[in-house]
Amino acid sequence: MSLRDDANGCYPPTEAMLDEPVDEQWQDNSKRRLRDVWKTPAGWRYWSAVNNSEVGKWYCLTAFFFMMCAGVLALAIRVQLAVPENDFLSAGRFNQFFTMHGSAMMFLFAVPLFEAISILILPGMLGARDMPFPRLSAFGFWCFVIGGVFVLGSVLFDAAPDSGWFMYPPLAIESEGIGSDIWLLGLSFIEIASIAAAVELIVGVLKCRPPGMRINLMPLYAWYVLVVGGMILFAFPPLIAGDLLFELQRSFDWPFFDPDRGGDPMLWQHLFWIFGHPEVYIIFLPSIAIAAMVVPTVARRPIVGYSWIVLSAVGTGFLSFGLWVHHMFTTGLPALSLGFFSAASEAVVIPTGIQLFAFVATLMVGRVTLNVPMLFIAGALAIFTAGGLTGVMLALAPFNWQVHDTYFIVAHLHYTLFGGMIFPVLAGIYYFYPVFTKKVLSPRLGKWSFWLLFTGFNITFLPMHLTGLLGMPRRVYTYQTGLGWDWLNLISTVGSFILAAGFLLFAWDLLRPKSREPDTARNPWNAGTLEWTHDVPEEAWGIRSIPYIRSRYPLWDQEKLVERIDAGRFYLADAAEGKRETLVTSVLDAKPIQCMRVTGPAWITLIAALFTGGAFIFPTFHIYTPAVICAVFAGACILYWLWTSTAPIPEQDRKPVGLGLSLPIYASGPESAGWWGVWITMLGDATAFISLVFGFFFYWTTKTDFPPVGSEHANLLFMLLGGAVLLGAWALTLYARDSNTKGHVARARKALVLGIIASFTGMALVIWSVRSTGMDPQAHVYPAIIHALLLWLTAHVAVGVIMQGYCLAGSLFGKLTPRYDADLQNICLFWHFLGFTIVVCVLVMGIFPRWL
Amino acid sequence: MTTKPSSTHKLLTAALVLPLSGCDGLQSVLQPAGKEAAEIATLFHVLLVGAVVLWILVNGIFFYVTRLNPRPLSRRAAETLIIGGGILFPTIVLGILLAWSMSLMSSQRELGNAPVSVSVTGEQWWWRVQYRREDGSLLASANELRLPAGERTEVTLTSNKVIHSFWVPALAGKMDMFPGRVTRLALQPETTGTYRGQCAEFCGTSHALMAFQVVVMEPNDFERWLDDQAAPAKEPEEALALEGRQVFLREGCGACNTVRGTPAAGTTGPDLTHVGGRTTLGAGILPTTPDAFTRWIQHTESIKPDVYMPSYEHLEQSVLEALGHYLKGLS
Amino acid sequence: MKKPSTHDQEEREFGEEVDSLWRIVFSPLVWVFHFLACYIVTAIICAKMPAGDTLAGLRWFILGITLTSLVGIAAIGWRSWKQWGFVDDGVKVQDLPTEEHRHEFLAHASFLLSIVSFIGVCYVAVPAIFLDSCR
């Protein structure tokens with residue numbers, strides 16, 4: 001297979017080409033142009049920035065702030081439990097605090113922090129100028145801030161959710177006040193932002209690597225991002241589906257979890273933990289990824305067992321989906337079912353072990369220099385192995401029956417999360433800090449905070465193993481004296497304050513002004529990966545020119561790499577048209593295929609996030625009209641943003657990007673990043689849909705009378721007719737795409753108009769087939785789940801219609817032409833998934849209930 | 001669902017708290033008194049030793065290569081470590097553990113065969129208990145479970161409103177209780193004595209205050225006890241107790257609670273026919289002294305936040321004392 | 001605009017590439033299907049079956065599907081082993097910027113994933129050896 005691409009000119013560059021000196025005059029001019037294009041907005045406009053370095057920084061700091069808040073809640077919990085029969089917190093407030101502590105740590109810190117750190121450093125590692133969809137990152141960030149402040153703020157008004165972070169119905173459904181709604185809507189909002197970030201990160205890893213960085217040369221961090229992004233796509237949607245059902249019951253009394261009307265509280269537990277267990281690994285893997293970057297640098301050797309680590313990342317990703325029932329070992333499921341999950345929970349130890357041993361092996365073959373990041377990695381290992389070993393115990397169902405929901409679990413989960421997340425992340429912050437600031441954090445303070453954290457952590461959580469074995473359940477706001485728990489709890493409380501002191505010291509070190517300290521070198525740890533070519537804070541362009549990569553550790557192996565990058569010898573060293581650009585390359589071999597224009601600063605993302613926030617926040621208070629108005633405005637903002645800045649028709653077809661290579665500026669279909677974005681998003685969307693369908697079959701499995709004998713069904717004729725017409729709308733959309741490609745613009749427009757009509761007609765028929773019968777969603781879970789599917793289908797067809805309309809408008813106003821047809825390609829992809837949804841909906845709503 | 005901060009709460013409960021001192025281990029996994037719990041304790045001790053050894057080994061290797069090792073080791077040694085430590089060793093050890101736990105699981109799930117079976121229903125925040133004797137007769141009780149030693153008693157579990165979890169660490173692992181679903185468990189206590197159980201699934205504001213006692217008796221004693229329980233409530237003899245009964249009926253306590261042999265036949269709350277003979281009051285949180293009864297009725301809401309039973313703070317002290325005296329007499 | 005011949009060639013190359021990227025996840029996918037099949041069939045049988053019946057049929061089903069899955073994983077593993085070609089060139093570290101190394105890296109990763117998936121499938125079958133009722 002030749003790498004020479006005749007259409008695009010010369011690739012790969014030869015050594016002679018790279019050796020050629022760069023004209024000094026041109027260097028200065030191009031540098032100035034590039035700097036202007038990537039300039040961070042100043043003054044109050046700063047907040048309109050969308051560049052990954054700014055958004056990533058805000059994201060990290062916000063997540064860190066939320067963590068500190070959740071930490072304060074934890075301290076209050078520890079004070080309350082310091083002595084038996086304490087009344088520092090009332091029962092109700094205690095319950096709010098532990099619920100918010102868990103929810104905030106999970107949803108406002110652990111998962112978003114992965115995305116924050118990745119947005120911040122991934123483009124650097126990949127020598128990309130920015131993420132592929134910068135405005136999407138900014139939008140995600142603003143959603144996160146609004147949702148996070150809303151959810152966490154509820155604690156201050158004594159209105160926080162108080163049913164535990166797992167929100168088990170019926171307790172959480174019957175909980176009075178708006179706490180449960182805040183949890184459901186606020187966190188769904190953030191979950192959607194998380195999925196958006198995952199989509200972007202996956203596309204970033206697959207399509208925005210530097211030329212030559214084949215898949216076997218990718219930094220391990222990128223592998224982990226790929227795996228974790230994929231896991232988010234399959235883990236979060238079931239929870240979103242669960243949230244939807246839950247909120248439908250809270251708001252409209254559709255009885256999904258009400259056993260009196262055929263519902264089942266167990267369905268929530270399944271949906272929650274199908275999300276909840278992979279989520280643990282979603283938190284763990286990225287932090288291990290940080291360790292995978294730190295360890296080779298410290299050992300001054302390439303990682304040993306690169307393939308092994310890739311195997312363990314991918315393997316863990318898969319196996320982690322087979323563990324969810326180990327949170328439900330005590331729910332009385334058949335022992336055989338528990339056995340499968342017990343087995344999978346043990347199996348997942350193997351890839352995790354391989355991961356750890358690969359690090360130890362790397363350190364073995366290298367010459368280790370112990371610095372602060374390495375100290376934290378060592379602490380992480382000590383803590384994580386302890387958590388892992390208790391994990392092995394807990395995976396054995398009989399032992400789990402004893403200690404489930406006791407302080408033993410509290411100890412175990414904090415050991416895995418501190419060892420598997422907090423300590424590696426702190427190592428990462430010490431390690432990567434110079435990339436963004438050109439300062440190092442103080443090694444002296446670092447050692448102090450390490451030892452405070454490490455001892456404080458162990459004093460807090462080691463005794464909890466025993467507390468749990470002595471019978472203390474979790475989530476109790478008080479306990480009686482005389483059960484042997486008093487001293488253990490007091491010790492834990494003392495430890496928690498030492499731990500808090502460690503965090504405070506770290507926060508001070510992180511935030512204290514450092515302008516008087518001298519700048520460090522660009523690569524102070526002498527690392528081998530590309531992010532260390534960053535030249536901050538002077539330059540916001542990320543990388544001066546995008547290099548041609550031939551090694552896993554280019555800074556170690558490729559001679560003169562940095563000087564050539566700085567001289568602008570490589571790709572995209574100039575911004576002649578004054579546009580922000582980055583390279584798109586092929587998935588496996590990173591062959592350059594497009595010079596992609598990315599978006600610059602904008603307020604529209606912030607405005608769109610505000611309206612989206614309104615659409616989620618108003619329903620919390622059961623105020624629906626403003627919510628609908630907000631949703632409409634949010635949709636309008638997003639459409640405006642898509643229309644004005646995505647896939648704009650370029651002023652020229654292709655442009656020279658340097659080193660004799662000329663690349664197209666516009667791409668559509670599988671070559672473009674947008675198409676991949678849609679594809680990956682729809683994978684997540686389909687997962688949520690399948691979770692709803694799972695709900696239907698779950699009821700059928702566990703209930704003897706589902707659907708109840710003699711219950712009314714949807715009208716089959718209208719259902720089939722409606723389904724057929726909707727499939728017609730799909731076919732028309734595809735026909736429009738093909739006609740457009742062939743240049744028959746008028747025919748394509750007609751097909752789109754007909755497609756819109758067909759969508760409306762088909763949907764009306766399907767709605768009629770359900771609504772014309774006496775099916776009452778409040779009466780029983782069967783009509784309720786049918787209505788939930790109907791709701792899902794209607795919403796998706798509505799989006800499909802908007803897309804058809806968008807392309808029609810694009811065609812009429814010259815944004816969409818036979819040559820520039822990315823939008824139409826992308827909506828066809830959406831319609832493929834919609835076609836699948838239509839078929840399954842017709843089967844489940846119309847045919848299966850009659851047949852079961 | 002929050003409660004007003006109760007300044008009296010701490011004082012009240014501290015004064016009344018169940019005298020547990022000297023009973024450390026009453027609720028401990030590590031001091032088993034039943035077959036299930038003993039098997040699991042053995043499993044745990046083996047796991048614990050293994051875990052400590054492995055922890056020291058892994059961290060020892062790490063310490064050695066990062067701090068003590070004078071020179072780099074060969075790549076081959078490193079790869080052997082990954083294959084041996086990462087794949088071979090865990091596969092074998094985990095396989096063995098898995099097989100062991102599966103065989104345990106099978107025996108722990110065996111059905112009970114004692115002549116008496118029990119059903120327990122979780123309420124917010126107490127336990128409704130019902131014994132079913134061999135002759136099919138049913139016997140209502142609450143917040144205390146009596147079991148015959150050496151026999152395997154079948155326990156069926158369900159719940160009224162929200163999910164709870166039934167757990168007596170000294171006897172066996174826990175089992176959740178669901179509204180609209182029945183789960184089961186078999187308990188096989190080996191030694192007589194009193195053990196403490198507690199709700200292990202978060203079930204609302206006073207989840208922490210939902211405990212109970214299990215009294216394991218010799219089978220003969222157990223049978224005798226059941227016969228006593230089947231009888232209607234004792235007629236009060238003292239004047240104070242008689243007055244207490246009048247108050248009980250006058251204040252409408254019977255709308256929620258049953259005292260067999262009197263007009264009180266409510267079923268919302270616990271059956272009180274033999275409440276005075278139980279070891280605890282208020283689901284394992286107070287002793288059954290006349291004084292404790294009095295204070296419980298007077299300050300129910302501050303002792304157990306959000307409880308359904310209202311506080312009878314408006315009653316005069318003397319009236320409350322009579323009530324307490326009457327209830328204590330229902331042994 | 002690209003010439004048709006180049007385009008065809010690209011398609012073909014792209015096809016090959018996609019083929020081997022997907023092969024990485026084939027073995028874990030077999031594990032997923034095996035796991036789901038065991039779990040779902042057990043759940044349905046235990047929910048719908050009259051109490052007291054033995055699970056002989058289910059256990060045979062699990063044995064059958066386990067053997068099938070193991071054969072499938074072994075086949076994928078064997079194919080990856082050939083593609084990796086460790087015996088031919090002894091390359092364990094595929095860190096060169098060449099087609100060959102990329103090709104062998106994917107095979108190597110796929111081979112290792114086959115090992116883990118194989119162990120995973122064996123583990124998931126273990127409960128069926130010890131448990132023979134729906135309790």
# chains A, B, ... in the order shown; residues from 1 in each chain; ligands from 1
$ interface_residues --of "chain C" --to "chain B" --cutoff "9 Å" --atoms "only C-alpha atoms" --output "list in words"
Val116, Ile119, Tyr123, Val126, Pro127, Ile129, Phe130, Leu131, Asp132, Ser133 and Arg135 of chain C
$ write_last_selection --atoms "N, CA and C atoms" --output "short mmCIF file (atom, residue, chain, number, x, y, z; two decimals), in the first residue's frame"
data_model
loop_
_atom_site.label_atom_id
_atom_site.label_comp_id
_atom_site.auth_asym_id
_atom_site.auth_seq_id
_atom_site.Cartn_x
_atom_site.Cartn_y
_atom_site.Cartn_z
N VAL C 116 -7.68 -12.97 26.98
CA VAL C 116 -8.50 -12.49 28.11
C VAL C 116 -9.97 -12.89 27.92
N ILE C 119 -10.45 -16.55 28.84
CA ILE C 119 -10.55 -16.73 30.29
C ILE C 119 -11.91 -16.25 30.78
N TYR C 123 -14.70 -18.38 32.86
CA TYR C 123 -15.18 -17.95 34.18
C TYR C 123 -16.70 -17.90 34.23
N VAL C 126 -18.44 -21.03 34.90
CA VAL C 126 -18.23 -21.74 36.17
C VAL C 126 -19.50 -21.87 37.03
N PRO C 127 -20.29 -20.80 37.18
CA PRO C 127 -21.47 -20.92 38.04
C PRO C 127 -22.38 -22.08 37.64
N ILE C 129 -21.65 -24.90 36.74
CA ILE C 129 -21.17 -26.19 37.26
C ILE C 129 -21.73 -26.42 38.66
N PHE C 130 -21.82 -25.35 39.44
CA PHE C 130 -22.14 -25.50 40.86
C PHE C 130 -23.61 -25.27 41.20
N LEU C 131 -24.31 -24.55 40.38
CA LEU C 131 -25.66 -24.15 40.76
C LEU C 131 -26.67 -24.81 39.85
N ASP C 132 -27.66 -25.45 40.46
CA ASP C 132 -28.60 -26.15 39.61
C ASP C 132 -30.04 -25.83 39.97
N SER C 133 -30.28 -24.70 40.62
CA SER C 133 -31.66 -24.32 40.84
C SER C 133 -31.77 -22.80 40.67
N ARG C 135 -32.95 -20.80 42.89
CA ARG C 135 -32.96 -20.08 44.15
C ARG C 135 -31.86 -19.04 44.18
#
$ interface_residues --of "chain C" --to "chain A" --cutoff "8 Å" --atoms "only C-alpha atoms" --output "VMD selection string"
chain C and resid 1 to 2 13 17 21 25 28 to 29 32 35 38 to 39 42 to 44 46 to 48 93 to 97 99 101 to 102 105 to 106 108 to 110 112 to 113 116 to 117 119 to 120 123 to 128 131 to 135
$ closest_residue --among "A:Phe718, A:Phe706, A:Phe503, A:Tyr407" --to "Val766 (chain A)" --atoms "only C-alpha atoms"
A:Phe718
$ closest_residue --among "B:Ala33, B:Val116, B:Ala149, B:Leu209" --to "chain A" --atoms "only C-alpha atoms"
B:Leu209
$ residues_around --residues "Ser515 (chain A)" --least-positions-apart "4" --cutoff "10 Å" --atoms "only C-alpha atoms" --output "ChimeraX atom specification"
/A:437,439,519
$ residues_around --residues "region 171-186 of chain A" --least-positions-apart "4" --cutoff "7 Å" --atoms "only C-alpha atoms" --output "list in words"
Gly147, Val151, Ala159, Ala160, Pro161, Asp162, Ser163, Met167, Ile190, Asp243, Glu247, Arg250, Phe616, Ile617, Thr620 and Phe621 of chain A; Met1, Val162, Cys203 and Gly204 of chain B
$ write_last_selection --atoms "N, CA, C and O atoms" --output "mmCIF file, in the first residue's frame"
data_model
loop_
_atom_site.group_PDB
_atom_site.id
_atom_site.type_symbol
_atom_site.label_atom_id
_atom_site.label_comp_id
_atom_site.auth_asym_id
_atom_site.auth_seq_id
_atom_site.Cartn_x
_atom_site.Cartn_y
_atom_site.Cartn_z
ATOM 1 N N GLY A 147 -25.707 23.457 35.165
ATOM 2 C CA GLY A 147 -26.308 22.303 35.834
ATOM 3 C C GLY A 147 -25.674 22.050 37.191
ATOM 4 O O GLY A 147 -26.362 21.797 38.178
ATOM 5 N N VAL A 151 -27.582 22.091 40.742
ATOM 6 C CA VAL A 151 -27.731 20.887 41.562
ATOM 7 C C VAL A 151 -27.078 21.087 42.925
ATOM 8 O O VAL A 151 -27.669 20.821 43.967
ATOM 9 N N ALA A 159 -33.054 22.006 49.925
ATOM 10 C CA ALA A 159 -33.968 21.407 48.954
ATOM 11 C C ALA A 159 -33.276 20.338 48.139
ATOM 12 O O ALA A 159 -33.742 19.939 47.082
ATOM 13 N N ALA A 160 -32.136 19.865 48.639
ATOM 14 C CA ALA A 160 -31.349 18.925 47.843
ATOM 15 C C ALA A 160 -32.000 17.549 47.839
ATOM 16 O O ALA A 160 -32.781 17.222 48.728
ATOM 17 N N PRO A 161 -31.683 16.739 46.823
ATOM 18 C CA PRO A 161 -32.157 15.357 46.821
ATOM 19 C C PRO A 161 -31.668 14.651 48.083
ATOM 20 O O PRO A 161 -30.569 14.928 48.571
ATOM 21 N N ASP A 162 -32.483 13.738 48.609
ATOM 22 C CA ASP A 162 -32.104 13.115 49.885
ATOM 23 C C ASP A 162 -32.354 11.615 49.875
ATOM 24 O O ASP A 162 -32.577 11.013 50.910
ATOM 25 N N SER A 163 -32.355 11.010 48.682
ATOM 26 C CA SER A 163 -32.655 9.583 48.630
ATOM 27 C C SER A 163 -31.450 8.744 48.238
ATOM 28 O O SER A 163 -31.596 7.613 47.814
ATOM 29 N N MET A 167 -30.701 6.929 44.007
ATOM 30 C CA MET A 167 -32.089 7.330 43.762
ATOM 31 C C MET A 167 -33.054 6.166 43.572
ATOM 32 O O MET A 167 -33.898 6.189 42.673
ATOM 33 N N ILE A 190 -26.357 17.343 32.665
ATOM 34 C CA ILE A 190 -24.904 17.194 32.679
ATOM 35 C C ILE A 190 -24.478 15.920 31.954
ATOM 36 O O ILE A 190 -23.459 15.893 31.262
ATOM 37 N N ASP A 243 -33.710 7.956 33.687
ATOM 38 C CA ASP A 243 -34.122 9.284 34.153
ATOM 39 C C ASP A 243 -35.434 9.701 33.507
ATOM 40 O O ASP A 243 -36.307 10.271 34.156
ATOM 41 N N GLU A 247 -38.697 10.496 35.594
ATOM 42 C CA GLU A 247 -39.300 11.821 35.617
ATOM 43 C C GLU A 247 -40.732 11.763 35.081
ATOM 44 O O GLU A 247 -41.604 12.498 35.534
ATOM 45 N N ARG A 250 -42.615 10.817 38.064
ATOM 46 C CA ARG A 250 -42.715 11.919 39.035
ATOM 47 C C ARG A 250 -43.686 12.991 38.543
ATOM 48 O O ARG A 250 -44.484 13.508 39.300
ATOM 49 N N PHE A 616 -34.230 22.501 31.153
ATOM 50 C CA PHE A 616 -34.125 21.417 32.125
ATOM 51 C C PHE A 616 -34.497 21.866 33.526
ATOM 52 O O PHE A 616 -34.973 21.084 34.329
ATOM 53 N N ILE A 617 -34.231 23.141 33.833
ATOM 54 C CA ILE A 617 -34.394 23.594 35.218
ATOM 55 C C ILE A 617 -35.850 23.946 35.526
ATOM 56 O O ILE A 617 -36.355 23.622 36.599
ATOM 57 N N THR A 620 -38.160 21.246 36.841
ATOM 58 C CA THR A 620 -37.910 20.859 38.225
ATOM 59 C C THR A 620 -38.979 21.428 39.139
ATOM 60 O O THR A 620 -39.416 20.803 40.094
ATOM 61 N N PHE A 621 -39.367 22.669 38.839
ATOM 62 C CA PHE A 621 -40.372 23.339 39.664
ATOM 63 C C PHE A 621 -41.771 23.137 39.105
ATOM 64 O O PHE A 621 -42.691 23.858 39.459
ATOM 65 N N MET B 1 -37.834 16.219 52.680
ATOM 66 C CA MET B 1 -38.158 15.490 53.894
ATOM 67 C C MET B 1 -37.157 15.820 55.003
ATOM 68 O O MET B 1 -36.250 15.071 55.286
ATOM 69 N N VAL B 162 -41.287 1.155 50.629
ATOM 70 C CA VAL B 162 -39.998 1.381 49.975
ATOM 71 C C VAL B 162 -39.118 0.156 50.197
ATOM 72 O O VAL B 162 -39.504 -0.773 50.897
ATOM 73 N N CYS B 203 -33.692 3.764 53.508
ATOM 74 C CA CYS B 203 -35.144 3.704 53.351
ATOM 75 C C CYS B 203 -35.826 4.972 53.840
ATOM 76 O O CYS B 203 -36.984 4.946 54.207
ATOM 77 N N GLY B 204 -35.094 6.077 53.880
ATOM 78 C CA GLY B 204 -35.725 7.330 54.249
ATOM 79 C C GLY B 204 -35.120 7.931 55.503
ATOM 80 O O GLY B 204 -34.104 7.451 56.018
#
$ residues_around --residues "Leu812 (chain A)" --least-positions-apart "5" --cutoff "12 Å" --atoms "only C-alpha atoms" --output "list of chain:residue names"
A:Val745, A:Ala746, A:Ala748, A:Arg749, A:Lys750, A:Leu752, A:Val753, A:Gly805, A:Tyr806, A:Cys807, A:Thr817
$ residues_around --residues "Asn489 (chain A)" --least-positions-apart "3" --cutoff "8 Å" --atoms "only C-alpha atoms" --output "compact mmCIF listing (two decimals) with N, CA, C and O atoms, in the first residue's frame"
# COMPACT_ATOMS: atom_id res chain seq x y z
N LEU A 81 -20.86 11.87 62.46
CA LEU A 81 -20.66 10.48 62.88
C LEU A 81 -19.51 10.30 63.85
O LEU A 81 -19.22 9.18 64.27
N ALA A 82 -18.87 11.40 64.24
CA ALA A 82 -17.69 11.27 65.10
C ALA A 82 -18.02 10.57 66.40
O ALA A 82 -17.25 9.75 66.89
N VAL A 83 -19.17 10.89 66.96
CA VAL A 83 -19.58 10.24 68.21
C VAL A 83 -20.99 9.71 68.05
O VAL A 83 -21.75 10.21 67.22
N PRO A 463 -9.82 2.12 58.97
CA PRO A 463 -10.67 1.59 60.05
C PRO A 463 -12.08 1.24 59.57
O PRO A 463 -12.75 0.42 60.18
N MET A 464 -12.52 1.89 58.48
CA MET A 464 -13.90 1.66 58.04
C MET A 464 -14.14 0.21 57.61
O MET A 464 -15.26 -0.28 57.69
N THR A 467 -15.15 -1.22 60.78
CA THR A 467 -16.47 -0.69 61.16
C THR A 467 -17.56 -1.46 60.43
O THR A 467 -18.57 -1.82 61.03
N TRP A 485 -18.44 0.56 67.54
CA TRP A 485 -18.18 1.44 66.38
C TRP A 485 -17.63 2.80 66.81
O TRP A 485 -17.19 3.56 65.97
N ASP A 486 -17.71 3.13 68.09
CA ASP A 486 -17.45 4.50 68.53
C ASP A 486 -16.03 4.98 68.20
O ASP A 486 -15.84 6.00 67.55
N SER A 492 -11.84 7.78 62.17
CA SER A 492 -12.13 8.16 60.77
C SER A 492 -12.35 9.66 60.67
O SER A 492 -11.89 10.30 59.71
N THR A 493 -13.05 10.23 61.63
CA THR A 493 -13.32 11.66 61.56
C THR A 493 -12.03 12.47 61.68
O THR A 493 -11.81 13.42 60.93
$ residues_around --residues "Lys174 (chain B)" --least-positions-apart "6" --cutoff "9 Å" --atoms "only C-alpha atoms" --output "MDAnalysis selection string"
(chainID A and resid 330 400:404) or (chainID B and resid 165:168 185 200)
$ select_by_dssp --residues "region 496-613 of chain A" --states "alpha helix (DSSP H)" --output "number ranges by chain"
A: 496-511, 554-557, 561-567, 604-613
$ decode --residues "region 57-107 of chain C" --atoms "C-alpha atoms" --output "mmCIF file, in the first residue's frame"
data_model
loop_
_atom_site.group_PDB
_atom_site.id
_atom_site.type_symbol
_atom_site.label_atom_id
_atom_site.label_comp_id
_atom_site.auth_asym_id
_atom_site.auth_seq_id
_atom_site.Cartn_x
_atom_site.Cartn_y
_atom_site.Cartn_z
ATOM 1 C CA GLY C 57 -31.681 -28.097 30.023
ATOM 2 C CA LEU C 58 -30.319 -24.678 30.854
ATOM 3 C CA ARG C 59 -27.009 -26.129 31.952
ATOM 4 C CA TRP C 60 -26.656 -28.037 28.705
ATOM 5 C CA PHE C 61 -27.447 -24.839 26.858
ATOM 6 C CA ILE C 62 -24.730 -22.997 28.772
ATOM 7 C CA LEU C 63 -22.249 -25.782 28.089
ATOM 8 C CA GLY C 64 -23.060 -25.673 24.397
ATOM 9 C CA ILE C 65 -22.846 -21.941 24.011
ATOM 10 C CA THR C 66 -19.647 -21.856 26.066
ATOM 11 C CA LEU C 67 -17.927 -24.403 23.834
ATOM 12 C CA THR C 68 -19.103 -22.581 20.725
ATOM 13 C CA SER C 69 -17.822 -19.288 22.062
ATOM 14 C CA LEU C 70 -14.480 -20.772 23.032
ATOM 15 C CA VAL C 71 -14.044 -22.231 19.556
ATOM 16 C CA GLY C 72 -14.935 -18.854 18.064
ATOM 17 C CA ILE C 73 -12.445 -17.010 20.235
ATOM 18 C CA ALA C 74 -9.765 -19.590 19.533
ATOM 19 C CA ALA C 75 -10.330 -19.127 15.812
ATOM 20 C CA ILE C 76 -10.031 -15.359 16.096
ATOM 21 C CA GLY C 77 -6.967 -15.780 18.286
ATOM 22 C CA TRP C 78 -5.377 -18.147 15.781
ATOM 23 C CA ARG C 79 -6.000 -15.777 12.908
ATOM 24 C CA SER C 80 -4.502 -12.913 14.857
ATOM 25 C CA TRP C 81 -1.536 -15.040 15.808
ATOM 26 C CA LYS C 82 -0.868 -15.715 12.118
ATOM 27 C CA GLN C 83 -1.284 -12.073 11.259
ATOM 28 C CA TRP C 84 1.001 -11.052 14.088
ATOM 29 C CA GLY C 85 3.594 -13.475 12.708
ATOM 30 C CA PHE C 86 5.589 -13.607 15.917
ATOM 31 C CA VAL C 87 7.131 -16.915 14.923
ATOM 32 C CA ASP C 88 8.303 -15.431 11.614
ATOM 33 C CA ASP C 89 9.957 -12.268 12.793
ATOM 34 C CA GLY C 90 9.881 -12.354 16.598
ATOM 35 C CA VAL C 91 8.616 -8.762 16.793
ATOM 36 C CA LYS C 92 6.978 -8.061 20.130
ATOM 37 C CA VAL C 93 7.142 -4.293 20.093
ATOM 38 C CA GLN C 94 5.471 -2.742 17.071
ATOM 39 C CA ASP C 95 6.691 0.802 17.395
ATOM 40 C CA LEU C 96 7.999 1.569 13.904
ATOM 41 C CA PRO C 97 6.138 3.889 11.548
ATOM 42 C CA THR C 98 5.438 1.210 8.959
ATOM 43 C CA GLU C 99 2.390 -0.496 7.508
ATOM 44 C CA GLU C 100 3.758 -3.780 8.711
ATOM 45 C CA HIS C 101 4.098 -2.758 12.308
ATOM 46 C CA ARG C 102 0.658 -1.215 12.363
ATOM 47 C CA HIS C 103 -0.761 -4.404 10.851
ATOM 48 C CA GLU C 104 1.049 -6.617 13.353
ATOM 49 C CA PHE C 105 0.216 -4.369 16.269
ATOM 50 C CA LEU C 106 -3.491 -4.734 15.629
ATOM 51 C CA ALA C 107 -3.028 -8.496 15.358
#
